[in-house]
$ cat run.txt   # compact mmCIF, C-alpha atoms
# COMPACT_ATOMS: atom_id res chain seq x y z
CA MET M 23 -38.09 136.42 89.24
CA GLY M 24 -35.75 134.00 87.55
CA PHE M 25 -36.52 131.06 85.26
CA ASP M 26 -33.38 129.10 85.97
CA GLN M 27 -35.11 125.76 85.73
CA TYR M 28 -35.09 126.07 81.94
CA HIS M 29 -31.81 125.24 80.23
CA GLU M 30 -33.30 125.47 76.78
CA PRO M 31 -35.44 128.32 75.35
CA ALA M 32 -38.73 128.05 77.24
CA ASP M 33 -40.84 128.74 74.14
CA GLU M 34 -39.29 125.73 72.42
CA LEU M 35 -40.27 123.42 75.28
CA THR M 36 -43.62 121.62 75.38
CA PRO M 37 -46.00 122.44 78.25
CA GLU M 38 -45.35 118.95 79.68
CA THR M 39 -41.60 119.54 79.73
CA ARG M 40 -42.05 122.97 81.36
CA THR M 41 -44.25 121.41 84.06
CA PHE M 42 -41.66 118.66 84.49
CA ALA M 43 -38.92 121.29 84.90
CA ARG M 44 -40.95 123.22 87.48
CA LEU M 45 -41.49 120.13 89.58
CA CYS M 46 -37.81 119.17 89.30
CA ALA M 47 -36.92 122.67 90.57
CA SER M 48 -39.45 122.31 93.36
CA LEU M 49 -38.02 118.93 94.34
CA THR M 50 -34.55 120.47 94.59
CA GLU M 51 -35.84 123.32 96.75
CA GLU M 52 -37.62 120.94 99.11
CA ALA M 53 -34.46 118.86 99.49
CA GLU M 54 -32.48 122.02 100.28
CA ALA M 55 -35.07 123.08 102.87
CA ILE M 56 -34.88 119.65 104.52
CA ASP M 57 -31.11 120.06 104.75
CA TRP M 58 -31.37 123.60 106.15
CA TYR M 59 -33.72 122.46 108.91
CA GLN M 60 -31.47 119.49 109.63
CA GLN M 61 -28.50 121.81 110.13
CA ARG M 62 -30.50 124.26 112.26
CA LEU M 63 -31.81 121.41 114.40
CA SER M 64 -28.30 120.15 115.03
CA VAL M 65 -27.20 123.46 116.58
CA GLU M 66 -30.39 124.91 118.11
CA PRO M 67 -30.43 124.44 121.92
CA ASP M 68 -33.95 125.87 122.58
CA ARG M 69 -36.45 123.01 122.94
CA ASP M 70 -39.50 124.97 121.69
CA ALA M 71 -37.60 126.30 118.70
CA ARG M 72 -36.46 122.79 117.88
CA ALA M 73 -40.07 121.52 118.02
CA ILE M 74 -41.13 124.17 115.51
CA MET M 75 -38.24 123.37 113.21
CA ARG M 76 -38.99 119.67 113.38
CA ASP M 77 -42.60 120.37 112.47
CA ALA M 78 -41.49 122.58 109.59
CA GLN M 79 -39.07 119.95 108.37
CA GLY M 80 -41.94 117.45 108.35
CA GLU M 81 -43.78 119.74 105.95
CA GLU M 82 -40.76 119.75 103.66
CA PHE M 83 -40.64 115.92 103.77
CA LYS M 84 -44.24 115.89 102.61
CA HIS M 85 -43.63 118.43 99.82
CA PHE M 86 -40.57 116.52 98.63
CA CYS M 87 -42.52 113.26 98.49
CA MET M 88 -45.43 114.83 96.59
CA ASP M 89 -43.07 116.35 94.03
CA LEU M 90 -41.28 113.04 93.65
CA GLU M 91 -44.51 111.08 93.24
CA PHE M 92 -45.70 113.47 90.52
CA LEU M 93 -42.44 113.13 88.61
CA LEU M 94 -42.44 109.34 88.93
CA ARG M 95 -46.01 109.12 87.67
CA ARG M 96 -45.09 111.14 84.59
CA THR M 97 -41.85 109.26 83.91
CA PRO M 98 -42.39 105.50 83.65
CA LEU M 99 -38.70 104.58 83.41
CA TRP M 100 -37.80 106.69 86.45
CA ARG M 101 -40.68 105.09 88.32
CA GLU M 102 -39.53 101.59 87.37
CA ILE M 103 -35.97 102.27 88.56
CA ALA M 104 -37.29 103.83 91.78
CA LEU M 105 -39.41 100.76 92.48
CA GLY M 106 -36.25 98.67 92.64
CA ILE M 107 -34.49 101.04 95.05
CA LEU M 108 -37.01 102.76 97.34
CA PHE M 109 -38.13 100.90 100.47
CA GLN M 110 -35.91 97.93 99.63
CA GLU M 111 -33.62 96.25 102.11
CA GLY M 112 -29.96 95.43 101.57
CA ASP M 113 -27.19 97.25 99.74
CA ILE M 114 -28.50 100.47 98.19
CA VAL M 115 -25.85 100.75 95.48
CA GLU M 116 -26.38 97.14 94.46
CA ALA M 117 -30.16 97.64 94.30
CA GLY M 118 -29.61 100.79 92.23
CA GLU M 119 -27.35 99.08 89.72
CA GLU M 120 -29.69 96.11 89.33
CA SER M 121 -32.81 98.24 89.11
CA GLU M 122 -31.30 100.54 86.49
CA GLU M 123 -30.09 97.64 84.40
CA GLU M 124 -33.41 95.80 84.50
CA ALA M 125 -35.51 98.89 83.87
CA THR M 126 -33.44 100.36 81.04
CA GLU M 127 -33.05 97.03 79.28
CA GLY M 128 -36.78 96.39 79.63
CA ALA M 129 -37.67 99.89 78.45
CA ALA M 130 -35.32 99.69 75.49
CA ALA M 131 -36.78 96.32 74.55
CA ARG M 132 -40.27 97.83 74.65
CA GLY M 133 -39.21 100.98 72.84
CA ALA M 134 -40.56 103.03 75.71
CA PRO M 135 -39.66 106.72 75.98
CA VAL M 136 -37.31 107.68 78.81
CA ALA M 137 -39.52 110.62 79.74
CA GLY M 138 -42.59 112.38 78.46
CA SER M 139 -44.83 109.32 78.03
CA THR M 140 -47.81 109.80 75.73
CA SER M 141 -50.17 108.25 78.27
CA LEU M 142 -52.37 110.33 80.55
CA GLY M 143 -50.03 109.48 83.41
CA ILE M 144 -52.76 108.26 85.76
CA GLY M 145 -51.09 105.13 87.16
CA SER M 146 -51.96 104.04 90.67
CA LEU M 147 -54.59 105.99 92.57
CA ARG M 148 -53.89 104.39 95.96
CA GLY M 149 -54.42 106.98 98.63
CA SER M 150 -57.01 108.99 96.70
CA GLN M 151 -60.77 108.53 97.16
CA MET N 2 -44.01 108.56 66.56
CA SER N 3 -46.02 106.33 68.87
CA HIS N 4 -48.75 103.90 67.84
CA LEU N 5 -51.31 106.43 69.09
CA LEU N 6 -50.63 108.59 66.00
CA ARG N 7 -51.43 111.76 67.92
CA GLU N 8 -49.11 113.77 65.68
CA HIS N 9 -51.42 113.10 62.71
CA ALA N 10 -54.48 114.60 64.36
CA PRO N 11 -55.52 118.13 63.31
CA ILE N 12 -55.31 119.19 66.95
CA THR N 13 -53.08 121.90 68.37
CA GLU N 14 -50.86 121.32 71.40
CA ALA N 15 -53.17 123.52 73.49
CA SER N 16 -56.23 121.49 72.51
CA TRP N 17 -54.42 118.22 73.22
CA GLN N 18 -53.68 119.59 76.68
CA LEU N 19 -57.35 120.38 77.15
CA ILE N 20 -58.50 116.94 75.96
CA ASP N 21 -55.91 115.08 78.07
CA GLN N 22 -56.76 117.11 81.17
CA GLU N 23 -60.49 116.57 80.71
CA ALA N 24 -59.85 112.82 80.37
CA ARG N 25 -57.74 112.71 83.54
CA GLU N 26 -60.37 114.61 85.52
CA ARG N 27 -63.20 112.38 84.29
CA LEU N 28 -61.32 109.12 84.72
CA ALA N 29 -59.80 109.59 88.17
CA PRO N 30 -63.05 109.52 90.21
CA SER N 31 -64.28 106.38 88.44
CA LEU N 32 -61.12 104.24 88.51
CA ALA N 33 -62.03 102.45 91.74
CA ALA N 34 -59.80 99.42 91.18
CA ARG N 35 -56.68 101.59 91.07
CA LYS N 36 -57.59 102.99 94.47
CA LEU N 37 -57.75 99.56 96.08
CA VAL N 38 -55.41 97.09 94.37
CA ASP N 39 -51.69 97.06 93.63
CA PHE N 40 -50.69 98.68 90.35
CA ALA N 41 -47.80 97.24 88.35
CA GLY N 42 -46.49 99.10 85.33
CA PRO N 43 -46.95 100.79 82.99
CA LYS N 44 -44.92 98.22 81.08
CA GLY N 45 -45.46 99.68 77.63
CA TRP N 46 -47.58 98.94 74.58
CA GLN N 47 -45.46 95.97 73.59
CA HIS N 48 -46.07 94.17 76.87
CA SER N 49 -48.20 91.21 75.79
CA ALA N 50 -48.48 88.85 78.75
CA THR N 51 -47.62 88.24 82.37
CA GLY N 52 -45.60 85.16 83.25
CA LEU N 53 -47.34 83.15 85.97
CA GLY N 54 -44.29 81.11 86.93
CA ARG N 55 -46.23 77.91 86.33
CA THR N 56 -46.34 75.25 83.67
CA HIS N 57 -48.76 72.67 82.38
CA ALA N 58 -47.56 69.36 81.07
CA LEU N 59 -47.85 68.69 77.35
CA ALA N 60 -49.32 65.34 76.44
CA ASP N 61 -46.97 64.75 73.55
CA ALA N 62 -43.44 65.68 72.49
CA PRO N 63 -41.72 65.93 69.10
CA VAL N 64 -39.59 62.86 69.81
CA GLU N 65 -39.64 59.95 72.22
CA GLY N 66 -37.48 60.11 75.32
CA VAL N 67 -38.39 63.65 76.39
CA SER N 68 -41.17 65.13 78.44
CA ALA N 69 -42.44 68.64 77.93
CA ALA N 70 -44.21 71.39 79.79
CA GLN N 71 -45.42 74.74 78.57
CA ARG N 72 -45.16 78.00 80.51
CA ARG N 73 -48.45 79.56 81.53
CA VAL N 74 -49.01 83.24 80.90
CA LEU N 75 -51.86 85.67 81.33
CA PRO N 76 -52.29 87.64 78.10
CA THR N 77 -52.82 91.38 78.21
CA VAL N 78 -56.17 92.69 76.96
CA GLU N 79 -56.56 95.92 75.00
CA VAL N 80 -59.61 98.01 75.87
CA ARG N 81 -60.62 100.87 73.64
CA ALA N 82 -63.46 103.42 73.85
CA ALA N 83 -64.02 105.59 70.77
CA PHE N 84 -65.24 109.17 70.85
CA SER N 85 -65.22 112.21 68.62
CA VAL N 86 -64.69 115.92 69.13
CA ALA N 87 -66.22 118.57 66.86
CA ARG N 88 -63.55 120.53 64.99
CA SER N 89 -65.50 123.73 65.61
CA GLU N 90 -65.15 123.09 69.36
CA LEU N 91 -61.41 122.58 68.97
CA SER N 92 -61.16 125.85 67.07
CA ASP N 93 -63.06 127.61 69.83
CA ALA N 94 -60.72 126.08 72.40
CA ASP N 95 -57.75 127.54 70.51
CA ARG N 96 -59.48 130.94 70.64
CA GLY N 97 -59.61 130.62 74.41
CA ALA N 98 -63.12 129.31 74.97
CA ALA N 99 -63.37 127.64 78.39
CA ASP N 100 -66.66 125.75 77.91
CA ILE N 101 -65.71 123.23 75.25
CA GLU N 102 -68.21 120.42 74.59
CA LEU N 103 -66.44 117.15 75.36
CA GLY N 104 -69.45 115.04 76.29
CA ALA N 105 -68.44 112.12 74.08
CA LEU N 106 -65.03 112.00 75.79
CA ASP N 107 -66.70 112.00 79.19
CA GLU N 108 -68.89 109.06 78.16
CA ALA N 109 -65.91 107.14 76.76
CA ALA N 110 -64.08 107.75 80.05
CA ARG N 111 -67.01 106.32 81.98
CA HIS N 112 -67.11 103.24 79.73
CA ILE N 113 -63.43 102.42 79.98
CA ALA N 114 -63.32 103.00 83.75
CA ARG N 115 -66.31 100.69 84.20
CA ALA N 116 -64.62 98.07 82.04
CA GLU N 117 -61.50 98.18 84.23
CA ASN N 118 -63.52 98.01 87.45
CA CYS N 119 -65.73 95.16 86.18
CA SER N 120 -62.68 93.16 85.12
CA VAL N 121 -60.98 93.58 88.48
CA PHE N 122 -63.93 93.00 90.77
CA HIS N 123 -66.12 90.59 88.73
CA GLY N 124 -63.71 89.14 86.16
CA TRP N 125 -63.75 88.79 82.39
CA GLU N 126 -63.98 85.15 81.42
CA SER N 127 -63.12 85.42 77.73
CA ALA N 128 -60.04 87.47 78.63
CA GLY N 129 -58.92 84.89 81.20
CA ILE N 130 -59.35 87.31 84.09
CA THR N 131 -60.83 86.10 87.37
CA GLY N 132 -62.28 88.92 89.42
CA ILE N 133 -61.82 89.50 93.13
CA ALA N 134 -65.44 88.63 94.01
CA ASP N 135 -65.37 85.40 91.98
CA ALA N 136 -62.00 84.31 93.32
CA SER N 137 -62.94 84.85 96.96
CA THR N 138 -63.06 81.67 99.01
CA HIS N 139 -65.40 83.31 101.51
CA ASP N 140 -69.17 82.99 101.20
CA ALA N 141 -70.74 86.13 99.78
CA ILE N 142 -72.67 88.18 102.32
CA ALA N 143 -76.03 89.61 101.22
CA LEU N 144 -75.96 93.39 101.43
CA GLY N 145 -79.75 93.74 101.35
CA GLU N 146 -81.84 96.83 100.71
CA ASP N 147 -81.61 98.45 104.15
CA CYS N 148 -78.35 100.38 104.12
CA GLU N 149 -78.58 101.07 107.85
CA ARG N 150 -77.64 97.41 108.24
CA TYR N 151 -74.52 97.81 106.09
CA PRO N 152 -72.21 98.23 109.12
CA ARG N 153 -73.34 94.85 110.43
CA HIS N 154 -72.70 93.14 107.07
CA VAL N 155 -69.35 94.85 106.58
CA ALA N 156 -68.32 93.94 110.13
CA ARG N 157 -69.11 90.29 109.33
CA ALA N 158 -66.93 90.53 106.23
CA VAL N 159 -64.10 92.03 108.30
CA GLU N 160 -64.46 89.20 110.80
CA ALA N 161 -64.24 86.64 107.98
CA LEU N 162 -60.96 88.18 106.80
CA LEU N 163 -59.56 88.33 110.34
CA CYS N 164 -60.47 84.69 110.90
CA ALA N 165 -58.59 83.84 107.71
CA GLY N 166 -55.52 85.65 109.05
CA VAL N 167 -55.84 88.60 106.67
CA GLY N 168 -55.15 91.70 108.71
CA GLY N 169 -56.36 95.23 108.00
CA PRO N 170 -56.69 97.86 106.89
CA TYR N 171 -59.37 97.01 104.38
CA GLY N 172 -60.96 98.97 101.55
CA LEU N 173 -64.58 98.83 100.45
CA ALA N 174 -65.60 99.15 96.80
CA LEU N 175 -69.25 100.18 96.76
CA GLY N 176 -71.41 100.02 93.64
CA PRO N 177 -73.02 103.37 92.71
CA ASP N 178 -76.47 102.60 94.14
CA ALA N 179 -75.09 101.40 97.46
CA TYR N 180 -72.66 104.33 97.62
CA THR N 181 -75.43 106.86 97.07
CA ALA N 182 -77.54 105.20 99.75
CA VAL N 183 -74.60 105.34 102.17
CA LEU N 184 -73.97 109.03 101.45
CA GLU N 185 -77.62 109.86 102.10
CA THR N 186 -77.79 108.05 105.39
CA ALA N 187 -77.07 109.28 108.88
CA GLU N 188 -77.47 106.80 111.71
CA HIS N 189 -79.05 107.42 115.09
CA GLY N 190 -77.36 110.40 116.64
CA GLY N 191 -76.53 111.90 113.25
CA TYR N 192 -73.35 109.88 112.74
CA LEU N 193 -72.68 109.57 109.03
CA LEU N 194 -72.90 106.00 107.80
CA LEU N 195 -69.90 106.65 105.52
CA ASP N 196 -67.73 107.55 108.52
CA HIS N 197 -68.99 104.53 110.44
CA LEU N 198 -68.01 102.20 107.59
CA ARG N 199 -64.57 103.81 107.35
CA LYS N 200 -64.04 103.24 111.07
CA ILE N 201 -65.01 99.56 110.77
CA ILE N 202 -62.67 98.81 107.87
CA GLY N 203 -59.83 101.20 108.78
CA GLY N 204 -59.42 102.19 105.14
CA PRO N 205 -61.14 103.86 102.19
CA VAL N 206 -64.73 103.53 101.02
CA VAL N 207 -64.62 103.96 97.26
CA TRP N 208 -67.35 104.77 94.69
CA ALA N 209 -67.01 101.94 92.20
CA PRO N 210 -69.01 102.13 88.98
CA GLY N 211 -69.34 98.65 87.51
CA VAL N 212 -69.33 96.92 90.89
CA ARG N 213 -72.44 94.97 91.79
CA GLY N 214 -73.13 95.31 95.50
CA ALA N 215 -69.81 95.79 97.27
CA VAL N 216 -66.45 94.10 97.71
CA LEU N 217 -64.29 94.31 100.83
CA VAL N 218 -60.59 93.94 99.98
CA SER N 219 -57.41 93.76 101.98
CA GLN N 220 -55.22 96.86 101.75
CA ARG N 221 -52.02 95.28 103.13
CA GLY N 222 -50.64 94.90 99.58
CA GLY N 223 -49.48 91.88 97.62
CA ASP N 224 -52.94 90.31 97.27
CA PHE N 225 -54.29 91.75 94.01
CA VAL N 226 -52.32 93.11 91.05
CA LEU N 227 -53.56 95.23 88.18
CA GLU N 228 -50.76 94.93 85.65
CA VAL N 229 -50.84 97.62 83.00
CA GLY N 230 -49.05 97.63 79.67
CA GLU N 231 -50.11 100.88 78.02
CA ASP N 232 -51.63 103.08 80.67
CA LEU N 233 -54.75 105.04 79.77
CA SER N 234 -53.94 107.09 76.69
CA ILE N 235 -55.74 108.96 73.96
CA GLY N 236 -55.03 108.07 70.35
CA TYR N 237 -56.09 109.33 66.94
CA ASP N 238 -58.26 107.37 64.50
CA GLY N 239 -59.14 109.83 61.74
CA HIS N 240 -61.00 113.01 60.92
CA ASP N 241 -63.30 114.66 58.43
CA SER N 242 -64.37 118.27 57.96
CA GLU N 243 -66.73 118.09 60.96
CA ALA N 244 -65.06 116.05 63.67
CA VAL N 245 -61.92 114.31 64.85
CA GLN N 246 -62.27 110.65 65.82
CA LEU N 247 -60.20 109.72 68.85
CA TYR N 248 -60.16 106.87 71.34
CA LEU N 249 -59.24 106.10 74.90
CA LEU N 250 -57.04 103.04 75.21
CA GLU N 251 -55.35 100.90 77.81
CA SER N 252 -53.88 97.40 77.94
CA PHE N 253 -53.92 95.45 81.16
CA THR N 254 -54.46 92.22 82.94
CA PHE N 255 -55.38 91.40 86.51
CA ARG N 256 -54.45 88.65 88.95
CA VAL N 257 -55.72 87.61 92.36
CA LEU N 258 -52.71 86.37 94.35
CA THR N 259 -54.52 85.68 97.64
CA ASP N 260 -58.01 84.31 97.11
CA ASP N 261 -59.10 84.68 100.74
CA ALA N 262 -58.13 88.37 101.04
CA ALA N 263 -61.53 89.70 99.94
CA VAL N 264 -65.23 89.19 100.66
CA ALA N 265 -68.06 89.91 98.21
CA LEU N 266 -71.18 91.61 99.52
CA SER N 267 -73.86 90.81 96.97
CA SER N 268 -76.61 93.27 96.07
$ encode --input "run.txt" --output "structure tokens"
Amino acid sequence: MGFDQYHEPADELTPETRTFARLCASLTEEAEAIDWYQQRLSVEPDRDARAIMRDAQGEEFKHFCMDLEFLLRRTPLWREIALGILFQEGDIVEAGEESEEEATEGAAARGAPVAGSTSLGIGSLRGSQ
Amino acid sequence: MSHLLREHAPITEASWQLIDQEARERLAPSLAARKLVDFAGPKGWQHSATGLGRTHALADAPVEGVSAAQRRVLPTVEVRAAFSVARSELSDADRGAADIELGALDEAARHIARAENCSVFHGWESAGITGIADASTHDAIALGEDCERYPRHVARAVEALLCAGVGGPYGLALGPDAYTAVLETAEHGGYLLLDHLRKIIGGPVVWAPGVRGAVLVSQRGGDFVLEVGEDLSIGYDGHDSEAVQLYLLESFTFRVLTDDAAVALSS
């Protein structure tokens, strides 16, 4: 079993950073799985097989989104930049540039950490009961 | 170092993990407002106020020949709930004990969650916060004692919102007494009252400590905003040979953007 998600000695990393690294690795794996299913779907002629693959790909969409939501909740600056890009209309690159500029300037002005906030990371609880 | 001064506490990294995790687990079930209203932030500890985009005219000006207006803002409030943890318990946690006594933390979590819920649903006058129930332009509907009649009252509230052009889904914040009564009740045919209410509103029914009666709120988004500066955090106050004094903290404000997007159901 490899521990490739760590690029620094694991015992020098805080538990929060190790968890962060695991979820980043998981996010990457889910994105790869989505791509693999996309490629398989594009060449698979069997209708039943395609239905199974589409269902499986849906699972990967869900996993990717859960990983992403966790990381955004734990990283306020990332979350703020994402809010300006995700589910927005118009030019994506333009939204990205504007969102990054606004969020980083605002964070720098507040002295906020880029990652590893000292808060409990609770944020919004929409969708939980 | 952050203003929370956590680095000064005589607490190991493992014990901080334990305390933070206990706080998250105790807070999450009680933070009803965050389950039903929009969340903006966290904007950081230095975030002091929300611009309202409005002005009020000033009666005078420094010189003749000019008129003046001042921007209106909603200041952020800081809410803090103190608690302590016995140092002997922290030492036991570092030895691997799994049954650490954190009762004071649990109580502080309940207090601060109630404070947030009360502010959002019933307002906080001295902090300049108008709550959802107070801001509602709809007449309050009496919930009454008989919880088997709740579906009728909630349906009336839904109708009021529909008539105002506020579409669903809706969410229902239920005070603890009403929530318990709903959980205990099955209607004729054994259909759970909780499920019936969910079907009527098309959204969540949430246990809401601090809420008096119930409040039905739109879930379409853009109607209510909880704006958070410092999100819920644990800071360090001091220590002696027996205990470490800590506190739960958050800074926030709350705004109702659409005053006819909720209906209060009074107890």
$ closest_residue --input "run.txt" --among "M:Ala125, M:Leu147, M:Ile114, M:Leu93" --to "chain N" --atoms "all atoms listed in the file"
M:Leu147
$ closest_atom_pairs --input "run.txt" --of "chain N" --to "chain M" --cutoff "8 Å" --atoms "only C-alpha atoms" --output "tab-separated table"
residue	atom	partner	partner_atom	distance
N:Ser3	CA	M:Thr140	CA	7.9
N:Asp21	CA	M:Leu142	CA	6.4
N:Ala24	CA	M:Leu142	CA	7.9
N:Arg25	CA	M:Leu142	CA	6.6
N:Ala29	CA	M:Ile144	CA	7.6
N:Pro30	CA	M:Gln151	CA	7.4
N:Leu32	CA	M:Leu147	CA	7.9
N:Arg35	CA	M:Leu147	CA	5.1
N:Lys36	CA	M:Arg148	CA	4.2
N:Leu37	CA	M:Arg148	CA	6.2
N:Val38	CA	M:Arg148	CA	7.6
N:Asp39	CA	M:Ser146	CA	7.6
N:Phe40	CA	M:Ser146	CA	5.5
N:Gly42	CA	M:Glu102	CA	7.7
N:Pro43	CA	M:Pro98	CA	6.6
N:Lys44	CA	M:Ala129	CA	7.9
N:Gly45	CA	M:Ala134	CA	6.2
N:Trp46	CA	M:Arg132	CA	7.4
N:Gln47	CA	M:Arg132	CA	5.6
N:His48	CA	M:Arg132	CA	7.2
N:Pro205	CA	M:Gln151	CA	6.9
N:Val206	CA	M:Gln151	CA	7.5
N:Val207	CA	M:Gln151	CA	6.0
N:Trp208	CA	M:Gln151	CA	8.0
N:Glu231	CA	M:Ser141	CA	7.4
N:Asp232	CA	M:Ser141	CA	5.9
N:Leu233	CA	M:Ser141	CA	5.8
N:Ser234	CA	M:Ser141	CA	4.2
N:Ile235	CA	M:Ser141	CA	7.1
$ residues_around --input "run.txt" --residues "M:Ala43" --least-positions-apart "4" --cutoff "9 Å" --atoms "only C-alpha atoms" --output "ChimeraX atom specification"
/M:27-28,38-39,47-48
$ residues_near_point --input "run.txt" --point "(-74.1, 96.7, 92.2)" --cutoff "6 Å" --atoms "only C-alpha atoms" --output "VMD selection string"
chain N and resid 176 212 to 214 268
$ closest_residue --input "run.txt" --among "M:Leu35, M:Met88, M:Ile103, M:Met75" --to "M:Leu49" --atoms "all atoms listed in the file"
M:Met88
$ residues_around --input "run.txt" --residues "stretch 81-98 of chain N" --least-positions-apart "2" --cutoff "12 Å" --atoms "all atoms listed in the file" --output "MDAnalysis selection string"
chainID N and resid 5 10:20 24 78:79 100:117 231:253
$ closest_residue --input "run.txt" --among "M:Tyr59, M:Phe92, M:Cys87, M:Glu120" --to "M:Ala73" --atoms "all atoms listed in the file"
M:Tyr59
